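Peer 1: To be precise about what I am sending: the file is called start_12.cif and holds mmCIF, C-alpha atoms and all ligand atoms.
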data_final
loop_
_atom_site.group_PDB
_atom_site.id
_atom_site.type_symbol
_atom_site.label_atom_id
_atom_site.label_comp_id
_atom_site.auth_asym_id
_atom_site.auth_seq_id
_atom_site.Cartn_x
_atom_site.Cartn_y
_atom_site.Cartn_z
ATOM 1 C CA MET W 139 109.616 117.932 115.163
ATOM 2 C CA GLN W 140 105.900 118.413 115.279
ATOM 3 C CA SER W 141 104.021 116.181 117.649
ATOM 4 C CA ALA W 142 103.942 113.537 114.916
ATOM 5 C CA ALA W 143 106.578 113.989 112.291
ATOM 6 C CA ALA W 144 108.645 111.888 109.991
ATOM 7 C CA GLN W 145 112.068 111.478 108.554
ATOM 8 C CA SER W 146 113.699 114.628 109.986
ATOM 9 C CA ALA W 147 115.757 115.183 113.115
ATOM 10 C CA PRO W 148 113.790 115.589 116.354
ATOM 11 C CA ALA W 149 113.040 119.154 117.525
ATOM 12 C CA PRO W 150 111.513 120.337 120.832
ATOM 13 C CA GLN W 151 108.102 118.852 121.533
ATOM 14 C CA SER W 152 105.095 120.369 123.198
ATOM 15 C CA ALA W 153 103.929 117.085 124.749
ATOM 16 C CA PRO W 154 105.954 114.001 125.678
ATOM 17 C CA ALA W 155 106.249 111.401 122.919
ATOM 18 C CA VAL W 156 104.291 108.296 123.876
ATOM 19 C CA VAL W 157 105.501 106.507 120.760
ATOM 20 C CA SER W 158 108.936 107.259 119.404
ATOM 21 C CA ALA W 159 110.286 105.460 116.346
ATOM 22 C CA ARG W 160 113.768 106.148 115.030
ATOM 23 C CA ASN W 161 114.926 104.721 111.701
ATOM 24 C CA LEU W 162 112.809 101.591 112.030
ATOM 25 C CA PHE W 163 113.285 98.768 109.571
ATOM 26 C CA LEU W 164 111.431 95.491 109.396
ATOM 27 C CA THR W 165 112.282 92.911 106.758
ATOM 28 C CA PHE W 166 110.268 89.682 106.609
ATOM 29 C CA GLN W 167 112.137 86.693 105.201
ATOM 30 C CA THR W 168 109.692 84.855 102.959
ATOM 31 C CA ALA W 169 109.946 81.938 100.524
ATOM 32 C CA ASP W 170 109.867 84.513 97.713
ATOM 33 C CA GLY W 171 112.731 86.504 99.236
ATOM 34 C CA PRO W 172 112.927 89.391 101.706
ATOM 35 C CA VAL W 173 109.942 91.792 102.046
ATOM 36 C CA ASN W 174 110.818 95.267 103.286
ATOM 37 C CA ALA W 175 107.654 95.992 105.263
ATOM 38 C CA LEU W 176 109.146 99.048 107.014
ATOM 39 C CA SER W 177 112.050 101.135 105.816
ATOM 40 C CA ASP W 178 113.650 103.984 107.772
ATOM 41 C CA VAL W 179 110.472 104.957 109.631
ATOM 42 C CA THR W 180 110.987 107.881 112.012
ATOM 43 C CA LEU W 181 107.949 109.207 113.850
ATOM 44 C CA ASP W 182 106.836 110.678 117.156
ATOM 45 C CA ILE W 183 103.318 110.378 118.482
ATOM 46 C CA SER W 184 102.700 112.807 121.331
ATOM 47 C CA LYS W 185 100.342 112.378 124.245
ATOM 48 C CA GLY W 186 96.787 113.123 123.215
ATOM 49 C CA ASP W 187 97.449 112.973 119.464
ATOM 50 C CA PHE W 188 95.047 111.256 117.115
ATOM 51 C CA VAL W 189 97.311 109.873 114.404
ATOM 52 C CA SER W 190 95.987 108.096 111.324
ATOM 53 C CA PHE W 191 98.083 105.899 109.054
ATOM 54 C CA ILE W 192 96.932 105.807 105.459
ATOM 55 C CA GLY W 193 98.421 104.219 102.362
ATOM 56 C CA PRO W 194 97.886 101.480 99.798
ATOM 57 C CA SER W 195 97.757 97.823 100.710
ATOM 58 C CA GLY W 196 101.132 96.476 101.768
ATOM 59 C CA CYS W 197 102.709 99.814 102.790
ATOM 60 C CA GLY W 198 103.294 98.590 106.348
ATOM 61 C CA LYS W 199 100.472 100.256 108.309
ATOM 62 C CA THR W 200 99.519 97.125 110.221
ATOM 63 C CA THR W 201 103.163 96.107 110.639
ATOM 64 C CA LEU W 202 103.955 99.461 112.264
ATOM 65 C CA LEU W 203 100.971 99.151 114.616
ATOM 66 C CA ARG W 204 102.009 95.582 115.444
ATOM 67 C CA CYS W 205 105.563 96.758 116.234
ATOM 68 C CA ILE W 206 104.150 99.357 118.651
ATOM 69 C CA ALA W 207 102.098 96.560 120.239
ATOM 70 C CA ALA W 208 105.154 94.265 120.505
ATOM 71 C CA LEU W 209 103.499 91.764 118.149
ATOM 72 C CA GLU W 210 106.361 92.169 115.660
ATOM 73 C CA THR W 211 110.010 92.987 116.314
ATOM 74 C CA PRO W 212 111.753 95.528 114.071
ATOM 75 C CA THR W 213 114.924 94.291 112.405
ATOM 76 C CA GLY W 214 116.555 97.707 112.802
ATOM 77 C CA GLY W 215 116.155 101.067 114.533
ATOM 78 C CA LYS W 216 114.727 102.053 117.906
ATOM 79 C CA LEU W 217 111.134 102.064 119.103
ATOM 80 C CA THR W 218 109.829 103.116 122.500
ATOM 81 C CA VAL W 219 106.302 103.228 123.892
ATOM 82 C CA ASN W 220 105.819 105.378 126.989
ATOM 83 C CA GLY W 221 109.615 105.514 127.178
ATOM 84 C CA MET W 222 109.905 101.707 127.408
ATOM 85 C CA ASP W 223 110.675 99.026 124.880
ATOM 86 C CA PRO W 224 107.398 97.765 123.343
ATOM 87 C CA ASP W 225 107.458 94.468 125.230
ATOM 88 C CA ALA W 226 107.776 96.226 128.590
ATOM 89 C CA ALA W 227 104.988 98.627 127.526
ATOM 90 C CA ARG W 228 102.765 95.649 126.683
ATOM 91 C CA LYS W 229 103.394 94.149 130.108
ATOM 92 C CA ALA W 230 102.610 97.541 131.675
ATOM 93 C CA ARG W 231 99.289 97.516 129.747
ATOM 94 C CA ALA W 232 100.180 100.709 127.908
ATOM 95 C CA TYR W 233 97.660 100.186 125.122
ATOM 96 C CA GLY W 234 94.380 98.626 124.068
ATOM 97 C CA TYR W 235 94.128 97.103 120.572
ATOM 98 C CA VAL W 236 91.014 97.208 118.383
ATOM 99 C CA PHE W 237 90.939 95.064 115.216
ATOM 100 C CA GLN W 238 88.882 95.296 112.040
ATOM 101 C CA ALA W 239 86.667 92.433 113.174
ATOM 102 C CA ALA W 240 85.145 93.064 116.587
ATOM 103 C CA GLY W 241 86.423 89.642 117.718
ATOM 104 C CA LEU W 242 83.900 89.182 120.510
ATOM 105 C CA TYR W 243 83.411 85.693 121.927
ATOM 106 C CA PRO W 244 79.899 84.622 120.852
ATOM 107 C CA TRP W 245 79.305 82.537 123.986
ATOM 108 C CA ARG W 246 79.984 85.475 126.287
ATOM 109 C CA THR W 247 77.689 88.431 126.862
ATOM 110 C CA ILE W 248 78.884 91.937 125.978
ATOM 111 C CA GLY W 249 79.670 92.491 129.658
ATOM 112 C CA GLY W 250 81.428 89.106 129.775
ATOM 113 C CA ASN W 251 83.565 89.993 126.760
ATOM 114 C CA ILE W 252 84.624 93.319 128.259
ATOM 115 C CA ARG W 253 85.255 91.648 131.603
ATOM 116 C CA LEU W 254 87.509 88.905 130.168
ATOM 117 C CA PRO W 255 90.815 90.854 130.118
ATOM 118 C CA LEU W 256 89.985 92.230 133.560
ATOM 119 C CA GLU W 257 89.459 88.688 134.885
ATOM 120 C CA ILE W 258 92.787 87.615 133.378
ATOM 121 C CA MET W 259 94.490 90.609 134.964
ATOM 122 C CA GLY W 260 93.054 89.696 138.347
ATOM 123 C CA PHE W 261 90.839 92.705 139.025
ATOM 124 C CA SER W 262 88.393 92.175 141.913
ATOM 125 C CA LYS W 263 84.751 91.421 141.074
ATOM 126 C CA SER W 264 83.580 94.857 142.221
ATOM 127 C CA GLU W 265 86.326 96.610 140.238
ATOM 128 C CA GLN W 266 85.348 94.580 137.158
ATOM 129 C CA GLU W 267 81.702 95.630 137.506
ATOM 130 C CA GLU W 268 82.623 99.277 137.996
ATOM 131 C CA ARG W 269 84.890 99.292 134.940
ATOM 132 C CA VAL W 270 82.451 97.466 132.689
ATOM 133 C CA ALA W 271 79.713 99.974 133.573
ATOM 134 C CA ARG W 272 82.063 102.916 132.973
ATOM 135 C CA VAL W 273 83.294 101.821 129.545
ATOM 136 C CA LEU W 274 79.824 100.775 128.381
ATOM 137 C CA ASP W 275 78.731 104.297 129.214
ATOM 138 C CA LEU W 276 81.735 105.732 127.316
ATOM 139 C CA VAL W 277 80.739 103.917 124.123
ATOM 140 C CA GLU W 278 77.002 104.495 124.680
ATOM 141 C CA LEU W 279 76.094 100.851 125.212
ATOM 142 C CA THR W 280 74.670 101.117 128.720
ATOM 143 C CA GLY W 281 71.866 98.576 129.003
ATOM 144 C CA PHE W 282 73.446 96.090 126.592
ATOM 145 C CA GLU W 283 75.690 94.354 129.115
ATOM 146 C CA LYS W 284 73.624 91.158 129.228
ATOM 147 C CA LYS W 285 73.103 90.872 125.466
ATOM 148 C CA PHE W 286 75.128 88.466 123.349
ATOM 149 C CA PRO W 287 77.206 89.785 120.410
ATOM 150 C CA TRP W 288 74.795 88.362 117.806
ATOM 151 C CA GLN W 289 72.005 90.468 119.308
ATOM 152 C CA LEU W 290 73.905 93.671 118.407
ATOM 153 C CA SER W 291 74.458 95.371 115.041
ATOM 154 C CA GLY W 292 77.957 95.399 113.489
ATOM 155 C CA GLY W 293 78.502 98.986 114.636
ATOM 156 C CA MET W 294 77.443 98.176 118.196
ATOM 157 C CA GLN W 295 79.744 95.153 118.241
ATOM 158 C CA GLN W 296 82.630 97.364 117.208
ATOM 159 C CA ARG W 297 81.740 99.814 120.005
ATOM 160 C CA ALA W 298 81.797 96.883 122.440
ATOM 161 C CA SER W 299 85.232 95.942 121.133
ATOM 162 C CA ILE W 300 86.410 99.522 121.764
ATOM 163 C CA ALA W 301 84.940 99.313 125.281
ATOM 164 C CA ARG W 302 86.929 96.125 125.890
ATOM 165 C CA ALA W 303 90.116 97.900 124.767
ATOM 166 C CA LEU W 304 89.355 100.803 127.127
ATOM 167 C CA ALA W 305 88.474 98.674 130.159
ATOM 168 C CA PHE W 306 91.952 98.495 131.668
ATOM 169 C CA ASP W 307 92.602 102.226 131.312
ATOM 170 C CA ALA W 308 95.424 102.129 128.799
ATOM 171 C CA ASP W 309 96.507 105.599 127.686
ATOM 172 C CA ILE W 310 97.032 104.473 124.105
ATOM 173 C CA LEU W 311 94.451 102.999 121.769
ATOM 174 C CA LEU W 312 95.782 101.159 118.695
ATOM 175 C CA MET W 313 93.023 100.737 116.109
ATOM 176 C CA ASP W 314 93.530 98.747 112.902
ATOM 177 C CA GLU W 315 90.771 99.652 110.443
ATOM 178 C CA PRO W 316 88.113 99.268 113.124
ATOM 179 C CA PHE W 317 85.288 100.580 110.953
ATOM 180 C CA GLY W 318 86.471 99.233 107.583
ATOM 181 C CA ALA W 319 83.740 96.605 107.325
ATOM 182 C CA LEU W 320 80.850 98.917 108.236
ATOM 183 C CA ASP W 321 78.540 100.824 105.912
ATOM 184 C CA GLU W 322 79.122 104.523 105.471
ATOM 185 C CA ILE W 323 76.304 105.835 107.649
ATOM 186 C CA VAL W 324 77.273 103.655 110.608
ATOM 187 C CA ARG W 325 80.896 104.558 110.021
ATOM 188 C CA ASP W 326 80.108 108.301 110.089
ATOM 189 C CA ARG W 327 78.301 107.882 113.387
ATOM 190 C CA LEU W 328 81.128 105.853 114.929
ATOM 191 C CA ASN W 329 83.689 108.369 113.687
ATOM 192 C CA GLU W 330 81.752 111.121 115.446
ATOM 193 C CA GLU W 331 81.482 109.044 118.619
ATOM 194 C CA LEU W 332 85.163 108.118 118.550
ATOM 195 C CA LEU W 333 86.139 111.790 118.300
ATOM 196 C CA GLY W 334 83.902 112.553 121.283
ATOM 197 C CA LEU W 335 85.468 109.709 123.243
ATOM 198 C CA TRP W 336 88.983 110.879 122.352
ATOM 199 C CA ASP W 337 88.075 114.408 123.442
ATOM 200 C CA ARG W 338 86.576 113.281 126.765
ATOM 201 C CA THR W 339 89.280 110.775 127.694
ATOM 202 C CA GLY W 340 92.457 112.440 126.377
ATOM 203 C CA LYS W 341 93.674 109.081 125.003
ATOM 204 C CA THR W 342 96.411 108.888 122.400
ATOM 205 C CA ILE W 343 95.061 107.104 119.330
ATOM 206 C CA ALA W 344 96.929 105.438 116.450
ATOM 207 C CA PHE W 345 94.421 104.528 113.756
ATOM 208 C CA VAL W 346 94.888 102.631 110.479
ATOM 209 C CA THR W 347 92.493 103.416 107.641
ATOM 210 C CA HIS W 348 92.142 103.255 103.862
ATOM 211 C CA SER W 349 89.682 106.151 103.817
ATOM 212 C CA ILE W 350 90.907 109.696 103.136
ATOM 213 C CA PRO W 351 87.753 111.375 104.584
ATOM 214 C CA GLU W 352 87.966 109.218 107.714
ATOM 215 C CA ALA W 353 91.656 110.046 108.219
ATOM 216 C CA VAL W 354 91.087 113.779 107.714
ATOM 217 C CA TYR W 355 87.960 113.923 109.853
ATOM 218 C CA LEU W 356 89.479 112.109 112.828
ATOM 219 C CA SER W 357 93.114 113.059 113.013
ATOM 220 C CA THR W 358 95.384 115.661 114.474
ATOM 221 C CA HIS W 359 98.107 114.150 112.280
ATOM 222 C CA ILE W 360 97.861 112.073 109.120
ATOM 223 C CA VAL W 361 100.790 109.822 108.279
ATOM 224 C CA VAL W 362 100.881 108.990 104.560
ATOM 225 C CA MET W 363 102.707 105.765 103.712
ATOM 226 C CA SER W 364 103.917 104.138 100.536
ATOM 227 C CA PRO W 365 104.834 100.507 99.705
ATOM 228 C CA ARG W 366 107.908 98.605 98.444
ATOM 229 C CA PRO W 367 109.590 99.427 100.696
ATOM 230 C CA GLY W 368 106.986 100.450 103.308
ATOM 231 C CA ARG W 369 107.824 103.985 104.380
ATOM 232 C CA ILE W 370 106.419 107.325 105.485
ATOM 233 C CA THR W 371 106.150 109.869 102.678
ATOM 234 C CA ASP W 372 104.323 112.720 104.436
ATOM 235 C CA VAL W 373 103.043 113.732 107.870
ATOM 236 C CA ILE W 374 100.256 116.276 107.736
ATOM 237 C CA GLU W 375 99.344 118.263 110.828
ATOM 238 C CA SER W 376 95.650 119.034 110.659
ATOM 239 C CA PRO W 377 94.560 122.676 110.864
ATOM 240 C CA LEU W 378 91.019 121.604 111.782
ATOM 241 C CA PRO W 379 89.673 122.495 115.242
ATOM 242 C CA ARG W 380 89.348 119.790 117.885
ATOM 243 C CA GLN W 381 85.552 119.978 117.835
ATOM 244 C CA ARG W 382 84.444 118.675 114.446
ATOM 245 C CA PRO W 383 80.831 118.333 113.391
ATOM 246 C CA LEU W 384 80.430 115.959 110.427
ATOM 247 C CA ASP W 385 79.647 118.848 108.066
ATOM 248 C CA ILE W 386 83.193 120.141 108.573
ATOM 249 C CA ARG W 387 83.893 117.757 105.671
ATOM 250 C CA ASP W 388 82.404 120.381 103.340
ATOM 251 C CA SER W 389 84.747 123.141 104.555
ATOM 252 C CA PRO W 390 87.614 124.460 102.382
ATOM 253 C CA GLU W 391 90.166 123.528 105.118
ATOM 254 C CA PHE W 392 88.973 119.920 105.130
ATOM 255 C CA ILE W 393 89.025 119.685 101.341
ATOM 256 C CA GLU W 394 92.527 121.145 101.248
ATOM 257 C CA VAL W 395 93.892 118.573 103.723
ATOM 258 C CA ALA W 396 92.128 115.747 101.838
ATOM 259 C CA HIS W 397 93.732 117.039 98.649
ATOM 260 C CA ARG W 398 97.196 116.938 100.214
ATOM 261 C CA VAL W 399 96.652 113.371 101.426
ATOM 262 C CA ARG W 400 95.458 112.336 97.958
ATOM 263 C CA GLU W 401 98.511 113.964 96.349
ATOM 264 C CA GLY W 402 100.796 112.177 98.824
ATOM 265 C CA LEU W 403 99.187 108.835 98.039
ATOM 266 C CA ARG W 404 99.444 109.454 94.306
ATOM 267 C CA ALA W 405 103.147 110.405 94.585
ATOM 268 C CA GLY W 406 103.769 107.126 96.447
ATOM 269 C CA TYR W 407 102.153 105.154 93.617
ATOM 270 C CA GLU W 408 104.074 106.952 90.894
ATOM 271 C CA GLU W 409 107.553 106.458 92.370
HETATM 272 N N1 LIG F 501 104.183 87.855 108.889
HETATM 273 C C1 LIG F 501 104.554 88.242 107.665
HETATM 274 N N2 LIG F 501 105.359 87.500 106.900
HETATM 275 C C2 LIG F 501 105.765 87.901 105.681
HETATM 276 N N3 LIG F 501 105.382 89.075 105.109
HETATM 277 C C3 LIG F 501 104.560 89.851 105.808
HETATM 278 C C4 LIG F 501 104.080 89.494 107.117
HETATM 279 N N4 LIG F 501 103.273 90.480 107.577
HETATM 280 C C5 LIG F 501 103.237 91.412 106.609
HETATM 281 N N5 LIG F 501 103.995 91.042 105.563
HETATM 282 C C6 LIG F 501 104.224 91.807 104.326
HETATM 283 O O1 LIG F 501 104.697 93.092 104.725
HETATM 284 C C7 LIG F 501 104.139 94.116 103.898
HETATM 285 C C8 LIG F 501 103.367 95.102 104.770
HETATM 286 O O2 LIG F 501 102.210 94.452 105.260
HETATM 287 P P1 LIG F 501 101.123 95.210 106.156
HETATM 288 O O3 LIG F 501 100.068 94.211 106.498
HETATM 289 O O4 LIG F 501 101.796 95.899 107.262
HETATM 290 O O5 LIG F 501 100.558 96.291 105.140
HETATM 291 P P2 LIG F 501 99.282 97.208 105.285
HETATM 292 O O6 LIG F 501 99.670 98.555 104.816
HETATM 293 O O7 LIG F 501 98.706 97.106 106.641
HETATM 294 O O8 LIG F 501 98.298 96.516 104.216
HETATM 295 P P3 LIG F 501 96.690 96.427 104.204
HETATM 296 O O9 LIG F 501 96.206 97.809 103.956
HETATM 297 O O10 LIG F 501 96.426 95.495 103.068
HETATM 298 O O11 LIG F 501 96.273 95.854 105.533
HETATM 299 C C9 LIG F 501 103.290 93.402 102.876
HETATM 300 O O12 LIG F 501 104.045 93.209 101.712
HETATM 301 C C10 LIG F 501 102.953 92.083 103.543
HETATM 302 O O13 LIG F 501 102.741 91.069 102.581
#
Take the structure in the file and give it back as structure tokens.
Peer 2:
Amino acid sequence: MQSAAAQSAPAPQSAPAVVSARNLFLTFQTADGPVNALSDVTLDISKGDFVSFIGPSGCGKTTLLRCIAALETPTGGKLTVNGMDPDAARKARAYGYVFQAAGLYPWRTIGGNIRLPLEIMGFSKSEQEERVARVLDLVELTGFEKKFPWQLSGGMQQRASIARALAFDADILLMDEPFGALDEIVRDRLNEELLGLWDRTGKTIAFVTHSIPEAVYLSTHIVVMSPRPGRITDVIESPLPRQRPLDIRDSPEFIEVAHRVREGLRAGYEE
């Protein structure tokens, strides 16, 4: 299996799998009957991968991310995160989670928001200060620690939310459409910054998006999903180099990968 691959038997891996899903199923029982949110999902995410999940509404992208984060429990199959069951991984602080809305507390400063999980986890005051300064620098928000969320633009708020997710040094970053609500220019900039951050920190990132260009620009692997039942229909390993200026989006390699993603999405719709 490639470092992120679907539906086939596992083969030797170059890096250890930080997320390993085998034949995952998740059926929600609803008043209208059962909903098969995930069906036979098999996937490995290796250390240092940047994996995007793309597919139409309802194909199970968020459900899969929530299973990894131990916020949902699969009804079948096996899922491990850092070799542990997801609940143990959550307790071991294996990941940080970034949502579509920045979700910052308006009555706390940016520094106070980033510090909150560290306070809950019992880090010393000096350790909190050191970590807040470090992650603010990582997301290029040094100097904004004492501002309140409403004093920052939407893009800056989302960077602060990423800083909060990075503050306790989790190896894995789970990001559910973090830039979906932002305009295209801000989104481009944040995409560029996120790639830089991924490159500098070596984090493993699982990223949900509806945008083909965003998925292709950011990812080492693109997981194409399809609804009813929610399943993986293709895993594309990107041929693009690790260093990606924004204008790589005009290159033939980029356009070819985008084409394959589009075809995969279309096939999912037509089934
Ligand atoms: N808690 C729940 N109870 C019942 N059904 C649910 C629940 N959560 C998700 N679903 C259903 O499971 C399916 C997958 O939902 P999910 O949110 O994972 O899709 P998605 O691909 O992330 O969609 P979107 O792109 O709209 O966010 C959908 O049909 C959804 O209605």
Peer 1: Around ligand LIG 501 (chain F), out to 7 Å and counting all atoms listed in the file, which residues are there? I want them as a list in words.
Peer 2: Phe166, Gln167, Thr168, Val173, Asn174, Ala175, Gly193, Pro194, Ser195, Gly196, Cys197, Gly198, Lys199, Thr200, Thr201, Leu202, His348 and Gly368 of chain W
Peer 1: I'd like the interatomic distance between atom CA of Ala226 of chain W and atom CA of Leu356 of chain W, to a tenth of an Å.
Peer 2: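 Spanning atom CA of Ala226 of chain W to atom CA of Leu356 of chain W is a straight-line distance of 28.9 Å.
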Peer 1: Can you list what the PyMOL selection byres (((chain W and resi 304) around 12) and not hetatm) grabs from this structure, as a PyMOL selection string?
Peer 2: chain W and resi 231-236+252-253+255-256+269-277+297-303+305-313+335-336+339+341-343
Peer 1: May I have the centre and edge lengths, in Å to one decimal, of an axis-aligned box around the listed atoms of segment 388-395 of chain W with 8 Å added to every side, as AutoDock Vina command-line options?
Peer 2:
--center_x 88.1 --center_y 121.5 --center_z 103.2 --size_x 27.5 --size_y 21.9 --size_z 19.9
Peer 1: Extract, using all atoms listed in the file, all DNA, RNA and protein residues at most 9 Å from Gly241 of chain W, discarding same-chain residues fewer than 3 positions from it, and format them as an MDAnalysis selection string.
Peer 2: chainID W and resid 236:238 244 295:296 299
Peer 1: Record the distance separating atom CA of Arg387 of chain W and atom CA of Tyr355 of chain W, expressed in Å with one decimal.
Peer 2: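 Those two atoms sit 7.0 Å apart.
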Peer 1: If you measure from atom CA of Gln289 of chain W to atom CA of Arg327 of chain W, what distance in Å do you get, rounded to one decimal?
Peer 2: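 Atom CA of Gln289 of chain W sits 19.4 Å away from atom CA of Arg327 of chain W.
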Peer 1: Care to translate the PyMOL selection byres (((chain W and resi 227) around 12) and not hetatm) into actual residues of this file, as a list in words?
Peer 2: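 Given this file, the PyMOL selection byres (((chain W and resi 227) around 12) and not hetatm) evaluates to Val156, Val157, Cys205, Ile206, Ala207, Ala208, Leu209, Leu217, Thr218, Val219, Asn220, Gly221, Met222, Asp223, Pro224, Asp225, Ala226, Arg228, Lys229, Ala230, Arg231, Ala232, Tyr233, Gly234, Ala308, Asp309 and Ile310 of chain W.
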Peer 1: So what does the PyMOL selection byres (((chain W and resi 285) around 10) and not hetatm) actually pick up in this one, as a list in words?
Peer 2: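 Against this file, the PyMOL selection byres (((chain W and resi 285) around 10) and not hetatm) returns the residues Arg246, Thr247, Ile248, Gly249, Gly250, Gly281, Phe282, Glu283, Lys284, Phe286, Pro287, Trp288, Gln289 and Leu290 of chain W.
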Peer 1: Ranking W:Glu322, W:Asp314, W:Pro365, W:Lys263 by minimum distance to Arg404 of chain W and counting only C-alpha atoms, which one comes first?
Peer 2: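 Going through W:Glu322, W:Asp314, W:Pro365, W:Lys263 one by one, the smallest distance to Arg404 of chain W is for W:Pro365.
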Peer 1: Please provide as a list of chain:residue names all residues within 7 Å of Asp372 of chain W, with the sequence filter that same-chain residues fewer than 4 positions apart are discarded (counting only C-alpha atoms).
Peer 2: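 Contacts, in chain order: W:Val361, W:Val362, W:Gly402.
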Peer 1: Need to verify the contact set: Ala155 of chain W, 10 Å, all atoms listed in the file, exclusion of same-chain residues closer than 4 positions in sequence. Can you return it as a PDB file with C-alpha atoms, keeping the file's coordinate frame?
Peer 2:
ATOM      1  CA  SER W 141     104.021 116.181 117.649  1.00  0.00           C
ATOM      2  CA  ALA W 142     103.942 113.537 114.916  1.00  0.00           C
ATOM      3  CA  GLN W 151     108.102 118.852 121.533  1.00  0.00           C
ATOM      4  CA  ALA W 159     110.286 105.460 116.346  1.00  0.00           C
ATOM      5  CA  LEU W 181     107.949 109.207 113.850  1.00  0.00           C
ATOM      6  CA  ASP W 182     106.836 110.678 117.156  1.00  0.00           C
ATOM      7  CA  ILE W 183     103.318 110.378 118.482  1.00  0.00           C
ATOM      8  CA  SER W 184     102.700 112.807 121.331  1.00  0.00           C
ATOM      9  CA  LYS W 185     100.342 112.378 124.245  1.00  0.00           C
ATOM     10  CA  GLY W 186      96.787 113.123 123.215  1.00  0.00           C
ATOM     11  CA  ASP W 187      97.449 112.973 119.464  1.00  0.00           C
ATOM     12  CA  THR W 218     109.829 103.116 122.500  1.00  0.00           C
ATOM     13  CA  VAL W 219     106.302 103.228 123.892  1.00  0.00           C
ATOM     14  CA  ASN W 220     105.819 105.378 126.989  1.00  0.00           C
ATOM     15  CA  GLY W 221     109.615 105.514 127.178  1.00  0.00           C
TER      16      GLY W 221
END
Peer 1: May I have the protein, DNA and RNA residues with an atom at most 6 Å from (117.0, 101.7, 110.3), counting only C-alpha atoms in the file's coordinates, returned as a PyMOL selection string?
Peer 2: chain W and resi 161-163+178+214-215
